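Novice: Quick one, final.tsv (TSV, C-alpha atoms):
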```tsv
chain	number	residue	atom	x	y	z
Y	54	MET	CA	31.07	132.23	149.98
Y	55	SER	CA	32.58	130.23	152.67
Y	56	VAL	CA	36.08	129.27	152.50
Y	57	ASP	CA	37.01	125.92	153.87
Y	58	PRO	CA	40.08	125.93	156.07
Y	59	PRO	CA	42.97	124.08	154.62
Y	60	SER	CA	43.32	120.48	155.51
Y	61	SER	CA	45.88	119.78	158.18
Y	62	ASP	CA	47.70	117.28	156.00
Y	63	ARG	CA	48.30	119.64	153.16
Y	64	PRO	CA	51.31	121.95	153.09
Y	65	THR	CA	50.61	125.59	153.21
Y	66	GLY	CA	54.03	126.77	152.02
Y	67	PRO	CA	57.30	125.71	150.54
Y	68	PRO	CA	59.16	122.97	152.38
Y	69	SER	CA	61.56	124.14	155.04
Y	70	GLY	CA	64.35	121.67	154.20
Y	71	PRO	CA	66.10	120.36	151.11
Y	72	LEU	CA	64.20	118.48	148.58
Y	73	SER	CA	63.71	114.90	149.43
Y	74	GLY	CA	64.97	112.17	147.18
Y	75	PRO	CA	68.14	110.38	146.45
Y	76	SER	CA	71.28	112.40	146.72
Y	77	GLN	CA	72.94	113.34	143.51
Y	78	PRO	CA	76.35	111.95	142.68
Y	79	PRO	CA	79.20	114.44	142.71
Y	80	SER	CA	80.04	116.02	139.50
Y	81	GLY	CA	83.12	115.04	137.64
Y	82	GLY	CA	82.62	111.29	137.84
Y	83	GLY	CA	85.58	110.76	140.23
Y	84	PRO	CA	86.18	107.55	142.15
Y	85	PRO	CA	84.32	106.97	145.35
Y	86	SER	CA	85.89	108.27	148.52
Y	87	GLU	CA	87.93	106.01	150.86
Y	88	PRO	CA	85.88	104.27	153.48
Y	89	PRO	CA	86.29	105.71	156.95
Y	90	SER	CA	88.87	104.25	159.27
Y	91	GLY	CA	87.75	101.54	161.59
Y	92	GLY	CA	85.88	99.74	158.89
Y	93	ASP	CA	86.71	96.52	157.15
Y	94	LYS	CA	90.19	97.69	155.98
Y	95	GLU	CA	93.02	95.29	156.91
Y	96	PRO	CA	95.59	96.81	159.38
Y	97	GLU	CA	98.98	97.84	158.01
Y	98	PRO	CA	101.65	95.17	158.89
Y	99	ARG	CA	104.09	96.20	161.72
Y	100	ARG	CA	107.73	96.64	160.87
Y	101	PRO	CA	110.33	94.52	162.81
Y	102	TRP	CA	112.16	96.20	165.72
Y	103	TRP	CA	115.39	96.37	163.76
Y	104	GLY	CA	113.66	98.45	161.13
Y	105	SER	CA	113.21	101.28	163.65
Y	106	VAL	CA	116.07	103.76	163.41
Y	107	PRO	CA	115.67	105.17	166.96
Y	108	ARG	CA	115.62	101.70	168.48
Y	109	VAL	CA	118.73	100.62	166.59
Y	110	ALA	CA	120.55	103.77	167.70
Y	111	ILE	CA	119.66	103.20	171.36
Y	112	ILE	CA	120.73	99.55	171.26
Y	113	ALA	CA	124.01	100.37	169.48
Y	114	THR	CA	124.82	103.04	172.08
Y	115	ALA	CA	124.18	100.61	174.92
Y	116	VAL	CA	126.43	97.96	173.35
Y	117	VAL	CA	129.28	100.43	172.84
Y	118	ALA	CA	128.99	101.65	176.43
Y	119	ALA	CA	129.07	98.08	177.74
Y	120	VAL	CA	132.21	97.28	175.71
Y	121	VAL	CA	133.99	100.44	176.92
Y	122	LEU	CA	133.10	99.68	180.53
Y	123	ALA	CA	134.36	96.10	180.22
Y	124	VAL	CA	137.68	97.29	178.77
Y	125	VAL	CA	138.17	99.85	181.54
Y	126	LEU	CA	137.36	97.40	184.34
Y	127	SER	CA	139.59	94.66	182.92
Y	128	ARG	CA	142.53	96.95	182.18
Y	129	PRO	CA	145.56	96.10	184.34
Y	130	ASP	CA	147.14	98.71	186.55
Y	131	ASP	CA	150.26	100.39	185.22
Y	132	GLY	CA	152.22	99.41	188.24
Y	133	GLY	CA	151.03	95.92	188.90
Y	134	THR	CA	148.98	94.84	191.86
Y	135	GLY	CA	148.71	97.40	194.63
Y	136	ALA	CA	149.20	96.62	198.26
Y	137	SER	CA	146.27	97.85	200.28
Y	138	ASP	CA	146.46	99.21	203.83
Y	139	GLY	CA	150.15	99.83	203.53
Y	140	GLY	CA	151.26	98.78	200.07
Y	141	THR	CA	152.84	101.44	197.91
Y	142	SER	CA	152.21	101.00	194.23
Y	143	THR	CA	155.02	100.72	191.74
Y	144	SER	CA	153.44	103.44	189.60
Y	145	SER	CA	152.45	105.98	192.27
Y	146	GLY	CA	156.03	107.18	192.79
Y	147	GLU	CA	155.99	106.26	196.48
Y	148	VAL	CA	158.48	104.17	198.43
Y	149	PHE	CA	157.62	102.67	201.82
Y	150	LEU	CA	160.30	102.86	204.53
Y	151	GLN	CA	160.34	99.60	206.52
Y	152	PRO	CA	162.30	99.33	209.78
Y	153	ALA	CA	164.17	96.08	210.37
Y	154	ALA	CA	161.93	94.84	213.19
Y	155	ASP	CA	158.65	95.92	211.57
Y	156	THR	CA	156.53	93.03	210.33
Y	157	GLY	CA	154.38	95.31	208.23
Y	158	PRO	CA	150.85	94.72	206.87
Y	159	ASP	CA	149.65	91.83	204.69
Y	160	GLU	CA	152.49	89.53	205.71
Y	161	PHE	CA	152.82	86.08	204.16
Y	162	THR	CA	153.85	84.37	207.40
Y	163	GLU	CA	154.85	85.05	210.96
Y	164	SER	CA	158.38	86.21	211.61
Y	165	THR	CA	161.20	83.66	211.37
Y	166	VAL	CA	163.96	86.09	212.45
Y	167	ASP	CA	166.55	84.75	214.89
Y	168	GLU	CA	167.06	87.55	217.42
Y	169	LYS	CA	170.48	86.17	218.39
Y	170	SER	CA	171.89	87.37	215.08
Y	171	SER	CA	172.73	91.02	214.45
Y	172	ALA	CA	174.65	93.16	212.00
Y	173	SER	CA	176.24	96.60	212.16
Y	174	PRO	CA	175.26	99.12	209.43
Y	175	VAL	CA	177.77	100.56	206.99
Y	176	ALA	CA	177.57	103.33	204.40
Y	177	PRO	CA	178.50	102.41	200.81
Y	178	SER	CA	181.53	104.04	199.29
Y	179	GLY	CA	181.04	105.94	196.05
Y	180	ALA	CA	177.64	107.35	197.08
Y	181	THR	CA	177.62	111.14	197.04
Y	182	GLU	CA	175.16	113.77	198.21
Y	183	SER	CA	175.55	115.59	194.87
Y	184	ALA	CA	174.01	112.73	192.89
Y	185	PRO	CA	170.45	113.28	191.59
Y	186	GLN	CA	167.70	112.13	193.94
Y	187	ASN	CA	166.58	109.48	191.45
Y	188	ALA	CA	170.13	108.21	190.97
Y	189	VAL	CA	170.63	104.44	190.88
Y	190	ARG	CA	173.15	103.14	193.40
Y	191	GLY	CA	173.98	99.53	192.66
Y	192	VAL	CA	176.08	97.18	194.77
Y	193	LYS	CA	177.09	93.74	193.47
Y	194	GLY	CA	175.64	90.81	195.39
Y	195	ASP	CA	179.08	89.25	195.99
Y	196	ALA	CA	180.66	92.40	197.47
Y	197	PRO	CA	182.49	91.62	200.76
Y	198	GLY	CA	180.79	93.36	203.68
Y	199	LEU	CA	177.48	93.85	201.88
Y	200	TYR	CA	175.91	91.44	204.37
Y	201	GLY	CA	176.52	90.74	208.01
Y	202	GLY	CA	175.32	88.68	210.94
Y	203	THR	CA	176.55	86.59	213.81
Y	204	ARG	CA	178.93	83.72	213.08
Y	205	LYS	CA	177.37	80.28	213.56
Y	206	VAL	CA	173.89	81.85	213.91
Y	207	ALA	CA	171.39	81.97	211.05
Y	208	SER	CA	169.47	85.21	210.79
Y	209	CYS	CA	166.34	83.29	209.68
Y	210	ASP	CA	164.82	79.94	210.62
Y	211	VAL	CA	164.36	78.45	207.17
Y	212	GLU	CA	162.68	75.24	208.36
Y	213	LYS	CA	160.17	77.27	210.33
Y	214	GLN	CA	159.47	79.28	207.19
Y	215	ILE	CA	158.85	76.08	205.24
Y	216	LYS	CA	156.44	74.83	207.92
Y	217	TYR	CA	154.42	78.05	207.76
Y	218	PHE	CA	153.92	77.59	204.03
Y	219	GLU	CA	153.07	73.91	204.34
Y	220	ASP	CA	150.27	74.89	206.74
Y	221	ALA	CA	148.97	77.57	204.33
Y	222	PRO	CA	148.75	76.11	200.78
Y	223	ASP	CA	147.12	79.26	199.36
Y	224	LYS	CA	150.00	81.41	200.55
Y	225	GLN	CA	152.50	78.88	199.28
Y	226	ARG	CA	150.92	79.08	195.82
Y	227	ALA	CA	151.00	82.88	195.90
Y	228	PHE	CA	154.64	82.86	197.03
Y	229	ALA	CA	155.53	80.41	194.24
Y	230	SER	CA	153.86	82.63	191.63
Y	231	VAL	CA	156.13	85.53	192.60
Y	232	ALA	CA	159.23	83.32	192.68
Y	233	ARG	CA	158.14	81.73	189.37
Y	234	ILE	CA	158.40	78.21	190.65
Y	235	GLN	CA	155.93	75.41	191.31
Y	236	PRO	CA	154.30	75.36	194.76
Y	237	SER	CA	155.86	71.96	195.42
Y	238	GLU	CA	159.30	73.50	194.82
Y	239	VAL	CA	158.99	76.11	197.60
Y	240	PRO	CA	160.74	74.04	200.33
Y	241	ALA	CA	163.75	73.26	198.14
Y	242	TYR	CA	163.85	76.85	196.93
Y	243	LEU	CA	163.96	78.23	200.48
Y	244	ARG	CA	166.68	75.77	201.50
Y	245	SER	CA	168.79	76.92	198.54
Y	246	LEU	CA	168.85	80.51	199.86
Y	247	THR	CA	171.34	81.91	202.37
Y	248	PRO	CA	170.26	83.69	205.59
Y	249	VAL	CA	172.03	87.04	206.05
Y	250	GLN	CA	171.36	90.55	207.35
Y	251	LEU	CA	171.50	93.77	205.37
Y	252	ARG	CA	174.24	96.23	206.33
Y	253	MET	CA	172.86	98.99	204.07
Y	254	ASP	CA	169.42	100.48	203.59
Y	255	THR	CA	168.26	98.59	200.51
Y	256	ARG	CA	165.60	99.27	197.88
Y	257	VAL	CA	163.44	96.32	196.77
Y	258	THR	CA	160.02	95.48	195.38
Y	259	ASN	CA	158.18	93.91	198.31
Y	260	HIS	CA	155.25	91.53	197.83
Y	261	GLY	CA	152.50	91.21	200.42
Y	262	TYR	CA	149.57	88.79	200.56
Y	263	LYS	CA	145.94	89.94	200.49
Y	264	ASP	CA	142.66	88.28	199.47
Y	265	GLY	CA	144.40	85.15	198.24
Y	266	ALA	CA	146.82	86.90	195.89
Y	267	PRO	CA	150.24	88.61	196.08
Y	268	THR	CA	150.54	92.38	196.04
Y	269	SER	CA	153.59	94.51	195.22
Y	270	TYR	CA	155.02	97.87	196.23
Y	271	GLN	CA	158.34	99.69	196.38
Y	272	ALA	CA	160.16	99.65	199.72
Y	273	VAL	CA	163.41	100.51	201.46
Y	274	LEU	CA	164.51	97.88	203.98
Y	275	GLN	CA	166.53	99.21	206.91
Y	276	ALA	CA	170.05	97.99	207.50
Y	277	GLY	CA	169.86	95.07	209.94
Y	278	THR	CA	166.86	93.50	208.17
Y	279	ALA	CA	167.13	89.70	208.00
Y	280	VAL	CA	166.72	88.35	204.47
Y	281	LEU	CA	167.36	85.23	202.42
Y	282	VAL	CA	169.54	85.79	199.33
Y	283	ASP	CA	170.04	83.67	196.22
Y	284	ASP	CA	173.34	82.43	194.77
Y	285	ARG	CA	173.92	85.82	193.10
Y	286	GLY	CA	173.50	87.68	196.38
Y	287	VAL	CA	170.09	89.17	195.54
Y	288	PRO	CA	167.53	89.40	198.41
Y	289	LYS	CA	164.59	87.06	197.79
Y	290	VAL	CA	162.70	86.76	201.11
Y	291	ARG	CA	162.15	89.11	204.04
Y	292	CYS	CA	162.26	86.97	207.17
Y	293	ALA	CA	160.17	89.26	209.41
Y	294	CYS	CA	157.07	88.56	207.31
Y	295	GLY	CA	157.91	85.78	204.84
Y	296	ASN	CA	157.35	88.15	201.92
Y	297	PRO	CA	159.03	87.38	198.59
Y	298	LEU	CA	161.26	90.15	197.27
Y	299	SER	CA	162.30	91.21	193.78
Y	300	PRO	CA	164.46	94.04	192.38
Y	301	PRO	CA	163.05	97.58	192.51
Y	302	VAL	CA	161.66	99.68	189.69
Y	303	ALA	CA	163.92	102.52	188.55
Y	304	ARG	CA	162.25	105.92	188.14
Y	305	GLN	CA	162.82	109.06	186.11
Y	306	THR	CA	161.95	111.33	189.04
Y	307	ALA	CA	162.68	111.20	192.75
Y	308	PRO	CA	159.99	109.12	194.49
Y	309	LYS	CA	158.23	110.27	197.63
Y	310	THR	CA	158.95	108.24	200.76
Y	311	THR	CA	156.19	107.17	203.16
Y	312	GLY	CA	156.47	105.71	206.64
Y	313	ASP	CA	158.78	106.61	209.51
Y	314	ALA	CA	162.44	107.24	208.76
Y	315	TRP	CA	164.83	105.63	211.26
Y	316	PRO	CA	167.75	107.43	212.91
Y	317	GLY	CA	170.65	107.79	210.50
Y	318	TYR	CA	168.49	107.32	207.39
Y	319	LYS	CA	169.94	109.16	204.36
Y	320	GLN	CA	168.62	108.81	200.85
Y	321	SER	CA	172.17	109.01	199.49
Y	322	ASN	CA	173.06	105.77	201.33
Y	323	VAL	CA	170.22	103.67	199.90
Y	324	VAL	CA	171.39	100.98	197.50
Y	325	SER	CA	169.99	98.22	195.33
Y	326	VAL	CA	171.64	94.83	195.09
Y	327	THR	CA	172.51	93.78	191.56
Y	328	PRO	CA	173.30	90.13	190.74
Y	329	ALA	CA	176.90	88.98	191.07
Y	330	PRO	CA	178.55	88.18	187.73
Y	331	GLU	CA	179.01	84.56	188.79
Y	332	PRO	CA	177.27	82.31	191.34
Y	333	VAL	CA	178.56	82.96	194.85
Y	334	ASP	CA	179.96	79.97	196.73
Y	335	VAL	CA	180.99	81.90	199.86
Y	336	PHE	CA	179.68	85.20	201.24
Y	337	VAL	CA	182.21	87.33	203.15
Y	338	MET	CA	180.29	88.81	206.08
Y	339	CYS	CA	180.97	91.08	209.03
Y	340	GLU	CA	180.03	90.58	212.68
Y	341	PRO	CA	178.90	93.45	214.92
Y	342	ASP	CA	182.27	93.38	216.77
Y	343	GLY	CA	184.17	93.90	213.51
Y	344	GLU	CA	185.28	90.31	213.02
Y	345	TRP	CA	184.87	88.77	209.57
Y	346	PHE	CA	183.68	85.31	208.56
Y	347	GLU	CA	182.64	83.30	205.52
Y	348	ARG	CA	179.23	81.73	205.06
Y	349	HIS	CA	178.68	79.10	202.38
Y	350	LYS	CA	175.84	79.38	199.93
Y	351	GLY	CA	172.64	77.77	201.27
Y	352	ASP	CA	174.20	77.16	204.72
Y	353	THR	CA	172.50	78.25	207.95
Y	354	GLY	CA	175.77	79.09	209.72
Y	355	LYS	CA	176.97	75.63	210.69
Y	356	LYS	CA	179.97	75.86	208.35
Y	357	ASP	CA	180.89	79.49	209.12
Y	358	ASN	CA	184.64	80.16	209.32
Y	359	LYS	CA	186.60	83.20	210.35
Y	360	THR	CA	188.42	85.06	207.61
Y	361	GLU	CA	190.64	88.10	207.08
Y	362	LYS	CA	189.25	91.58	206.77
Y	363	PRO	CA	188.85	92.46	203.09
Y	364	ASP	CA	190.82	95.27	201.48
Y	365	LYS	CA	187.60	97.24	200.90
Y	366	PRO	CA	185.30	96.56	203.86
Y	367	SER	CA	182.73	99.09	202.61
Y	368	PRO	CA	181.15	97.90	199.34
Y	369	SER	CA	181.40	100.38	196.49
Y	370	ALA	CA	178.19	101.72	194.95
Y	371	SER	CA	178.11	102.56	191.25
Y	372	VAL	CA	175.94	105.65	190.76
Y	373	THR	CA	174.00	106.16	187.53
Y	374	THR	CA	170.79	107.94	186.53
Y	375	PRO	CA	167.91	106.36	184.55
Y	376	THR	CA	167.61	107.83	181.04
Y	377	ALA	CA	164.62	105.93	179.62
Y	378	PRO	CA	161.08	105.68	181.01
Y	379	SER	CA	160.46	102.51	182.94
Y	380	ASP	CA	157.41	100.39	182.09
Y	381	PRO	CA	156.39	98.30	185.11
Y	382	ALA	CA	153.74	96.53	183.01
Y	383	SER	CA	156.29	94.82	180.76
Y	384	PRO	CA	159.10	92.49	181.94
Y	385	GLN	CA	162.53	94.09	181.78
Y	386	PRO	CA	165.95	93.33	183.21
Y	387	GLN	CA	166.31	93.91	186.93
Y	388	PRO	CA	167.56	97.40	187.74
Y	389	PRO	CA	169.40	98.73	190.73
Y	390	SER	CA	167.62	100.98	193.17
Y	391	ASP	CA	166.80	104.62	193.03
Y	392	PRO	CA	166.69	106.06	196.55
Y	393	PRO	CA	163.69	107.78	198.07
Y	394	THR	CA	163.73	111.48	198.72
Y	395	SER	CA	164.19	113.08	202.07
Y	396	ASP	CA	160.59	114.30	201.94
Y	397	THR	CA	159.16	111.72	204.29
Y	398	ASP	CA	155.42	111.17	204.61
Y	399	THR	CA	154.42	109.32	207.77
Y	400	SER	CA	150.98	108.38	206.49
Y	401	GLY	CA	152.21	105.02	205.27
Y	402	PRO	CA	152.08	103.37	201.86
Y	403	THR	CA	149.06	103.61	199.58
Y	404	THR	CA	147.30	101.21	197.21
Y	405	ASP	CA	147.45	101.30	193.44
Y	406	GLU	CA	148.90	98.29	191.76
Y	407	PRO	CA	148.46	95.89	192.08
Y	408	PRO	CA	150.54	93.13	190.64
Y	409	SER	CA	151.53	91.55	188.49
Y	410	SER	CA	153.02	89.16	190.75
Y	411	GLY	CA	155.77	87.70	188.62
Y	412	THR	CA	159.47	88.44	189.12
Y	413	GLN	CA	161.63	89.90	186.42
Y	414	PRO	CA	164.54	88.35	184.50
Y	415	PRO	CA	167.98	89.14	185.92
Y	416	PRO	CA	169.96	92.06	184.48
Y	417	PRO	CA	173.17	91.59	182.54
Y	418	ASP	CA	176.27	90.92	184.61
Y	419	SER	CA	179.01	93.47	184.71
Y	420	ASP	CA	181.57	94.86	187.11
Y	421	THR	CA	181.07	98.43	185.91
Y	422	GLY	CA	178.43	100.89	186.96
Y	423	GLY	CA	177.09	101.35	183.43
Y	424	ASP	CA	174.76	98.41	183.52
Y	425	THR	CA	173.18	99.43	186.81
Y	426	GLY	CA	171.44	102.41	185.29
Y	427	SER	CA	170.57	101.11	181.85
Y	428	ASP	CA	167.87	98.84	183.19
Y	429	THR	CA	164.85	100.91	184.03
Y	430	GLY	CA	162.23	98.34	184.88
Y	431	GLY	CA	162.33	95.76	187.59
Y	432	GLY	CA	159.76	94.77	190.16
Y	433	THR	CA	156.37	93.59	189.43
Y	434	THR	CA	153.75	93.51	190.15
Y	435	GLU	CA	153.33	95.81	191.07
Y	436	GLU	CA	151.59	97.08	192.10
Y	437	GLN	CA	151.06	98.43	193.83
Y	438	ALA	CA	148.32	95.49	199.12
Y	439	PRO	CA	150.50	96.06	201.39
Y	440	ALA	CA	153.32	94.28	202.60
Y	441	SER	CA	156.04	94.24	205.03
```
How would this structure read if it were set down as structure tokens?

Specialist:
Amino acid sequence: MSVDPPSSDRPTGPPSGPLSGPSQPPSGGGPPSEPPSGGDKEPEPRRPWWGSVPRVAIIATAVVAAVVLAVVLSRPDDGGTGASDGGTSTSSGEVFLQPAADTGPDEFTESTVDEKSSASPVAPSGATESAPQNAVRGVKGDAPGLYGGTRKVASCDVEKQIKYFEDAPDKQRAFASVARIQPSEVPAYLRSLTPVQLRMDTRVTNHGYKDGAPTSYQAVLQAGTAVLVDDRGVPKVRCACGNPLSPPVARQTAPKTTGDAWPGYKQSNVVSVTPAPEPVDVFVMCEPDGEWFERHKGDTGKKDNKTEKPDKPSPSASVTTPTAPSDPASPQPQPPSDPPTSDTDTSGPTTDEPPSSGTQPPPPDSDTGGDTGSDTGGGTTEEQAPAS
């Protein structure tokens, strides 16, 4: 019996794959699974930037850093405005030695010194080598023989000084800010001062002019320096450069001197002028030949008259030592000077300060040496540009 071959469309064995038909639902009757991502599901809303903790931390850190930087950059110097290229700061502990004929850097004006006037130096009495190096040696502004010059000859040309300022309004404004007067008052202020010459090496706060503003630094002016003094005998202007002057800053330690020391310089002979107890009507001055004369307050020598030699031709210096830290940043009564040390650095003054540029209120008047050391702050601002 013949066997027909199987038809090609009929299966000859079990199917090789799963049974066809609709898939069976999962057991358990659970909810349908979540649709795959990328479908019709709405995107999750984005949180605002301030809701991100890392972003908030970064922004807060940046703000704090900016505030700290602003405070540091706007913080005033401890010693006032510094004098660059030759200005010694009032907080750096340096004192610039300035010879009488040296104009110095950052001058306010050209020199107005009258070379026909001269004065012989003198050492103060009462100054001793055994005193501490930061001792304050104060001499009253009305002491006979503190100043000298040539009779009938002014040491400074005041009218020339006024003309320099009139031709430089910016410098006149800066000068007025140190003197604490209005710019329009500068001519009258200068005419009220008396031209004299120092007979002792004298500590001051010197103020130079740089970049449209006054600078300040500590300085020792050599005996023979021409200055203008006020009615209490305190130096207010250095004639070789037109720089305004104010009392020095007393220090707790001996400052380091910079610049070239002149022959005969001794730190024990350096003094600071303290205001006279009463306004001075007549200054008793000494000529180089030993003759004595009187110069009236605010006079340029036209009314000079000869006078007798005083009983004490060498002014007496009251020596005291500062006992409280000085704070150049805050106004205090004017102190007498503390002399520089004998350790001289010829590199010149350095910048720090600064500035404040204002002068300080006068110290209390007294004939004793006690008040000369109790005031521990003085010059401004400083400093700290240079000056002459």

Novice: Show which residues sit within 12 Å of Glu163 (chain Y), as a list in words. Count only C-alpha atoms, and ignore same-chain residues fewer than 6 positions away.

Specialist: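 The filter keeps Asp155, Thr156, Gly157, Cys209, Asp210, Lys213, Gln214, Ile215, Lys216, Tyr217, Phe218, Asp220, Ala221, Arg291, Cys292, Ala293, Cys294, Gly295, Asn296 and Ser441 of chain Y.
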
Novice: Which is closer to Ala188 (chain Y) than all the others in Y:Arg226, Y:Lys169, Y:Lys359, Y:Arg304, using all atoms listed in the file?

Specialist: Y:Arg304

Novice: Excluding Arg190 (chain Y) and its own-chain neighbours fewer than 2 positions away, which residues fall within 6 Å of it when counting all atoms listed in the file? Please give them as a ChimeraX atom specification.

Specialist: /Y:324,370-372,390

Novice: Could you check which of Y:Tyr270, Y:Pro328, Y:Asn322, Y:Asp352 is closest to Gly179 (chain Y), using only C-alpha atoms?

Specialist: Y:Asn322

Novice: Show which residues sit within 8 Å of Asp195 (chain Y), as an MDAnalysis selection string. Count all atoms listed in the file, and ignore same-chain residues fewer than 5 positions away.

Specialist: chainID Y and resid 285:286 328:329 333 336

Novice: May I have the selected residues written with C-alpha atoms, as a compact mmCIF listing (two decimals), keeping the file's coordinate frame?

Specialist:
```txt
# COMPACT_ATOMS: atom_id res chain seq x y z
CA ARG Y 285 173.92 85.82 193.10
CA GLY Y 286 173.50 87.68 196.38
CA PRO Y 328 173.30 90.13 190.74
CA ALA Y 329 176.90 88.98 191.07
CA VAL Y 333 178.56 82.96 194.85
CA PHE Y 336 179.68 85.20 201.24
```

Novice: With all atoms listed in the file as the atoms that count, which of Y:Ala272, Y:Ala314, Y:Ala279, Y:Met253 lies nearest to Gly191 (chain Y)?

Specialist: Y:Met253

Novice: Box time for region 249-254 of chain Y: axis-aligned, enclosing all its listed atoms, 3 Å extra on each side; report centre and edge lengths in Å to one decimal, as AutoDock Vina command-line options.

Specialist:
```
--center_x 171.8 --center_y 93.8 --center_z 205.5 --size_x 10.8 --size_y 19.4 --size_z 9.8
```

Novice: Which polymer residues have any atom within 12 Å of an atom of Ala229 (chain Y), counting only C-alpha atoms, with same-chain residues fewer than 3 positions away left out, as a ChimeraX atom specification?

Specialist: /Y:161,218,222-226,232-243,260,266-267,289-290,296-298,410-412

Novice: Counting only C-alpha atoms, which residue out of Y:Gln275, Y:Thr162, Y:Ser245, Y:Thr373 sits closest to Phe228 (chain Y)?

Specialist: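 Ranked by minimum distance to Phe228 (chain Y), first place goes to Y:Thr162.
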
Novice: Write out as a PyMOL selection string which residues come within 10 Å of Gly354 (chain Y) when counting only C-alpha atoms, dropping same-chain ones fewer than 3 positions away.

Specialist: chain Y and resi 202-208+247-249+347-351+357-358

Novice: Rounded to one decimal, what separation in Å do you get between CA of Ser230 (chain Y) and CA of Arg256 (chain Y)?

Specialist: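 Value for the CA of Ser230 (chain Y)-CA of Arg256 (chain Y) distance: 21.3 Å.
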
Novice: Quick one: distance from CA of Thr268 (chain Y) to CA of Ser299 (chain Y) in Å, one decimal?

Specialist: 12.0 Å

Novice: So how far away is CA of Asp264 (chain Y) from CA of Glu160 (chain Y), in Å?

Specialist: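 Computed distance, CA of Glu160 (chain Y) to CA of Asp264 (chain Y), equals 11.7 Å.
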